[in-house]
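Colleague: Supplied structure: entry.txt, compact mmCIF, C-alpha atoms.
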```txt
# COMPACT_ATOMS: atom_id res chain seq x y z
CA MET Q 482 0.00 0.00 0.00
CA LEU Q 483 1.25 3.50 -0.84
CA VAL Q 484 0.69 6.93 0.66
CA SER Q 485 -1.51 7.73 -2.36
CA ASP Q 486 -3.98 5.13 -1.02
CA LEU Q 487 -4.37 6.90 2.32
CA VAL Q 488 -3.40 10.55 1.86
CA SER Q 489 -5.79 13.06 3.37
CA ARG Q 490 -6.47 16.23 1.40
CA ASP Q 491 -7.96 17.81 4.52
CA PHE Q 492 -5.24 19.94 6.13
CA SER Q 493 -4.72 23.46 7.41
CA THR Q 494 -2.23 25.91 5.97
CA ALA Q 495 -0.88 29.37 6.66
CA HIS Q 496 1.85 31.61 5.26
CA HIS Q 497 5.12 32.00 7.20
CA SER Q 498 4.12 35.59 8.00
CA ALA Q 499 1.02 34.40 9.89
CA THR Q 500 1.13 35.61 13.47
CA ILE Q 501 0.25 33.75 16.63
CA ILE Q 502 -3.13 35.49 16.47
CA ASP Q 503 -3.67 34.15 12.94
CA LEU Q 504 -2.54 30.66 13.90
CA VAL Q 505 -4.77 30.44 16.98
CA LYS Q 506 -7.72 31.51 14.83
CA ILE Q 507 -6.95 28.66 12.42
CA PHE Q 508 -6.46 26.18 15.29
CA CYS Q 509 -9.91 27.09 16.63
CA ARG Q 510 -11.79 27.49 13.34
CA GLU Q 511 -10.49 24.25 11.85
CA ASN Q 512 -10.33 22.28 15.11
CA THR Q 513 -6.72 21.29 14.61
CA ASN Q 514 -3.46 21.47 16.51
CA GLY Q 515 -1.23 21.47 13.43
CA ILE Q 516 -0.85 23.91 10.57
CA PHE Q 517 1.37 23.44 7.53
CA ILE Q 518 3.29 26.55 6.50
CA VAL Q 519 3.39 27.14 2.75
CA ASP Q 520 4.60 29.91 0.48
CA GLU Q 521 2.51 31.83 -2.06
CA ASN Q 522 2.74 28.89 -4.50
CA GLY Q 523 1.68 26.26 -1.98
CA THR Q 524 5.23 24.94 -1.54
CA PHE Q 525 5.75 23.35 1.86
CA GLU Q 526 8.04 25.35 4.18
CA GLY Q 527 7.36 24.04 7.66
CA LEU Q 528 4.92 23.09 10.38
CA VAL Q 529 3.48 24.81 13.42
CA THR Q 530 1.66 22.92 16.14
CA ILE Q 531 0.28 24.25 19.39
CA PHE Q 532 3.54 22.99 20.93
CA GLU Q 533 5.63 25.46 18.89
CA VAL Q 534 3.23 28.29 19.72
CA LEU Q 535 3.58 27.52 23.43
CA GLN Q 536 7.37 27.42 23.03
CA ALA Q 537 7.24 30.86 21.39
CA ILE Q 538 5.17 32.23 24.28
CA VAL Q 539 6.73 30.68 27.38
CA PRO Q 540 10.10 32.25 28.27
CA ASP Q 541 13.21 30.06 27.97
CA SER Q 542 13.92 30.41 31.69
CA LEU Q 543 10.56 28.84 32.56
CA ARG Q 544 10.93 26.11 29.94
CA ARG Q 545 14.33 25.14 31.28
CA ASN Q 546 13.14 25.22 34.89
CA PRO Q 547 9.37 24.64 35.25
CA ASN Q 548 9.73 25.09 39.04
CA LEU Q 549 10.22 28.82 38.38
CA ALA Q 550 6.70 28.87 36.97
CA LYS Q 551 5.38 28.11 40.46
CA ALA Q 552 6.70 31.46 41.65
CA ALA Q 553 5.58 33.36 38.55
CA PRO Q 554 2.94 36.01 39.09
CA ARG Q 555 -0.64 35.08 38.36
CA GLY Q 556 -1.60 36.05 34.82
CA LEU Q 557 1.95 35.85 33.44
CA PHE Q 558 0.92 33.37 30.75
CA PHE Q 559 -1.69 35.74 29.33
CA GLU Q 560 0.73 38.66 29.57
CA MET Q 561 3.17 36.63 27.47
CA VAL Q 562 0.41 35.72 24.99
CA GLU Q 563 -0.36 39.42 24.60
CA LYS Q 564 3.33 40.28 24.22
CA LYS Q 565 3.98 37.59 21.59
CA LYS Q 566 0.67 37.65 19.69
CA ASN Q 567 2.20 39.30 16.60
CA GLU Q 568 5.18 36.94 16.41
CA PRO Q 569 5.32 35.47 12.87
CA ALA Q 570 5.35 31.71 12.30
CA GLU Q 571 8.68 31.91 10.46
CA LYS Q 572 10.37 32.64 13.81
CA PHE Q 573 9.27 29.43 15.51
CA MET Q 574 7.94 26.98 12.90
CA LEU Q 575 9.53 23.57 12.47
CA LYS Q 576 11.56 23.74 9.28
CA ASN Q 577 13.21 20.32 9.08
CA VAL Q 578 10.04 18.28 8.85
CA PRO Q 579 10.43 15.13 6.77
CA VAL Q 580 8.20 15.04 3.71
CA VAL Q 581 6.79 12.07 1.85
CA HIS Q 582 5.50 11.50 -1.65
CA GLU Q 583 2.44 9.67 -2.87
CA ALA Q 584 4.65 6.76 -4.02
CA THR Q 585 6.08 6.27 -0.51
CA LYS Q 586 5.21 2.88 0.98
CA ILE Q 587 3.03 2.87 4.08
CA ILE Q 588 5.49 0.58 5.88
CA GLU Q 589 8.10 3.34 5.46
CA ILE Q 590 5.73 5.82 7.13
CA ALA Q 591 5.02 3.43 9.99
CA ALA Q 592 8.71 2.63 10.52
CA ASN Q 593 9.75 6.27 10.33
CA SER Q 594 7.01 7.39 12.74
CA LEU Q 595 8.61 5.12 15.34
CA GLN Q 596 11.97 6.88 14.88
CA THR Q 597 10.77 10.47 15.01
CA GLU Q 598 8.37 12.68 16.89
CA HIS Q 599 6.81 13.81 13.61
CA TYR Q 600 3.41 12.19 13.38
CA ARG Q 601 1.89 14.61 10.89
CA LEU Q 602 3.80 14.19 7.63
CA PRO Q 603 3.29 16.49 4.67
CA VAL Q 604 2.77 14.82 1.31
CA VAL Q 605 4.35 16.89 -1.46
CA ASP Q 606 4.53 16.59 -5.22
CA GLU Q 607 7.77 16.57 -7.24
CA ASN Q 608 7.98 20.39 -6.95
CA GLY Q 609 7.53 20.45 -3.17
CA LYS Q 610 3.93 21.64 -3.36
CA LEU Q 611 1.84 20.45 -0.42
CA ILE Q 612 -0.88 18.10 -1.67
CA GLY Q 613 -1.90 16.23 1.46
CA VAL Q 614 -1.04 14.77 4.81
CA VAL Q 615 -0.57 11.34 6.29
CA ASN Q 616 -0.55 10.88 10.05
CA ARG Q 617 -0.80 8.24 12.74
CA ARG Q 618 -4.58 8.53 12.85
CA ILE Q 619 -4.70 7.63 9.16
CA LEU Q 620 -2.46 4.64 9.88
CA ARG Q 621 -4.71 3.64 12.78
CA ASP Q 622 -7.80 3.84 10.59
CA ALA Q 623 -6.10 1.80 7.84
CA MET Q 624 -5.22 -0.92 10.35
CA ALA Q 625 -8.76 -0.91 11.72
CA GLU Q 626 -10.24 -1.18 8.23
CA LYS Q 627 -7.94 -4.09 7.38
CA LEU Q 628 -8.98 -5.82 10.62
CA GLY Q 629 -12.68 -5.11 10.06
CA ILE Q 630 -12.92 -2.72 12.99
CA SER Q 631 -14.99 0.45 12.85
CA CYS Q 632 -13.28 3.48 14.37
CA ASP Q 633 -16.60 5.34 14.44
CA VAL Q 634 -18.01 3.23 17.27
CA LYS Q 635 -18.23 5.09 20.59
CA LEU Q 636 -18.14 2.92 23.70
```
Starting from the file, lay out its structure as structure tokens.
Modeller:
Amino acid sequence: MLVSDLVSRDFSTAHHSATIIDLVKIFCRENTNGIFIVDENGTFEGLVTIFEVLQAIVPDSLRRNPNLAKAAPRGLFFEMVEKKKNEPAEKFMLKNVPVVHEATKIIEIAANSLQTEHYRLPVVDENGKLIGVVNRRILRDAMAEKLGISCDVKL
């Protein structure tokens, strides 16, 4: 089975100049925690998840020593959000995200996902244009389908 058999065309994008305000709007509007960053031509440039936004907001000193956060004044988080709200994605987006192509084998995706923290992989064409996404949820659903299990069932 190849990526082309499972690729999702449902993904969120933004330009590298998108600010934290813009990104949070997309996160909320599209109910996602990951946004692919593309240029004007749709060429993949990077990825921003809520994790990178939080890293851009929380000061290094608190990230290195979370115990300092205990002594931080109440409301500091929202002060930092306000201070950083116009920070552009290009300053904190992940740039070295592995990409895959539609001809990539699914076993390669599964094996690679065990070696990396990247679980949302951009699918690009031969020119680097973003055309889809494959992620662990897609792999889960493919396994379930093969095993005759419905992922829609709520217990």
Colleague: List the neighbours of Asp503 in chain Q out to 10 Å using only C-alpha atoms; skip same-chain residues closer than 3 positions along the sequence, and give me the result as a PyMOL selection string.
Modeller: chain Q and resi 495-496+498-500+506-508+566-570
Colleague: For a quick check of your reading of the model, name the residues lying within 8 Å of the coordinate (6.1, 19.9, 15.4), counting all atoms listed in the file, and write them as a VMD selection string.
Modeller: chain Q and resid 515 528 to 530 532 to 533 574 to 575 578 598 to 599
Colleague: From the options Q:Val519, Q:Leu483, Q:Ala537, Q:Val605, which residue's atoms come nearest to Ala623 in chain Q, counting only C-alpha atoms?
Modeller: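 Between Q:Val519, Q:Leu483, Q:Ala537, Q:Val605, the residue approaching Ala623 in chain Q most closely is Q:Leu483.
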Colleague: Return the single residue from Q:Ser493, Q:Gly556, Q:Ile630, Q:Val539 that is closest to Cys509 in chain Q, with distances computed using only C-alpha atoms.
Modeller: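 Residue with the minimum atom-to-atom distance to Cys509 in chain Q: Q:Ser493.
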Colleague: Please report as a Markdown table every residue of range 595-620 of chain Q lying within 6 Å of range 579-585 of chain Q, along with the nearest atom pair and their distance in Å (one decimal), using only C-alpha atoms.
Modeller:
```
| residue | atom | partner | partner_atom | distance |
| --- | --- | --- | --- | --- |
| Q:Leu602 | CA | Q:Val580 | CA | 6.0 |
| Q:Pro603 | CA | Q:Val580 | CA | 5.2 |
| Q:Val604 | CA | Q:Val581 | CA | 4.9 |
| Q:Val605 | CA | Q:His582 | CA | 5.5 |
```
Colleague: Between Q:Pro540, Q:Thr494, Q:Asn577, Q:Ile619, which is the closest to Lys564 in chain Q once you count all atoms listed in the file?
Modeller: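 Looking at the shortest contact to Lys564 in chain Q, the residue is Q:Pro540.
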Colleague: What is the CA of Asn522 in chain Q to CA of Leu611 in chain Q distance in Å?
Modeller: 9.4 Å
Colleague: Between CA of Glu571 in chain Q and CA of His497 in chain Q, measure the distance and give it in Å to one decimal.
Modeller: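 Distance reported for this atom pair: 4.8 Å.
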Colleague: Figure out the distance between CA of Asn616 in chain Q and CA of Tyr600 in chain Q, please, to one decimal in Å.
Modeller: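 Atom-to-atom, CA of Tyr600 in chain Q and CA of Asn616 in chain Q are spaced 5.3 Å apart.
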Colleague: Between Q:Thr524, Q:Asn608, Q:Thr597, Q:Gln536, which has the minimum distance to Met561 in chain Q (counting all atoms listed in the file)?
Modeller: Q:Gln536
Colleague: Between Q:Asp633, Q:Glu626, Q:Asp541, Q:Asp606, single out the one closest to Gly523 in chain Q, counting only C-alpha atoms.
Modeller: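 Nearest to Gly523 in chain Q: Q:Asp606.
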Colleague: Just checking: using only C-alpha atoms, which residue out of Q:Asn548, Q:Ser542, Q:Asn512, Q:Asn593 ends up closest to Asp491 in chain Q?
Modeller: Q:Asn512
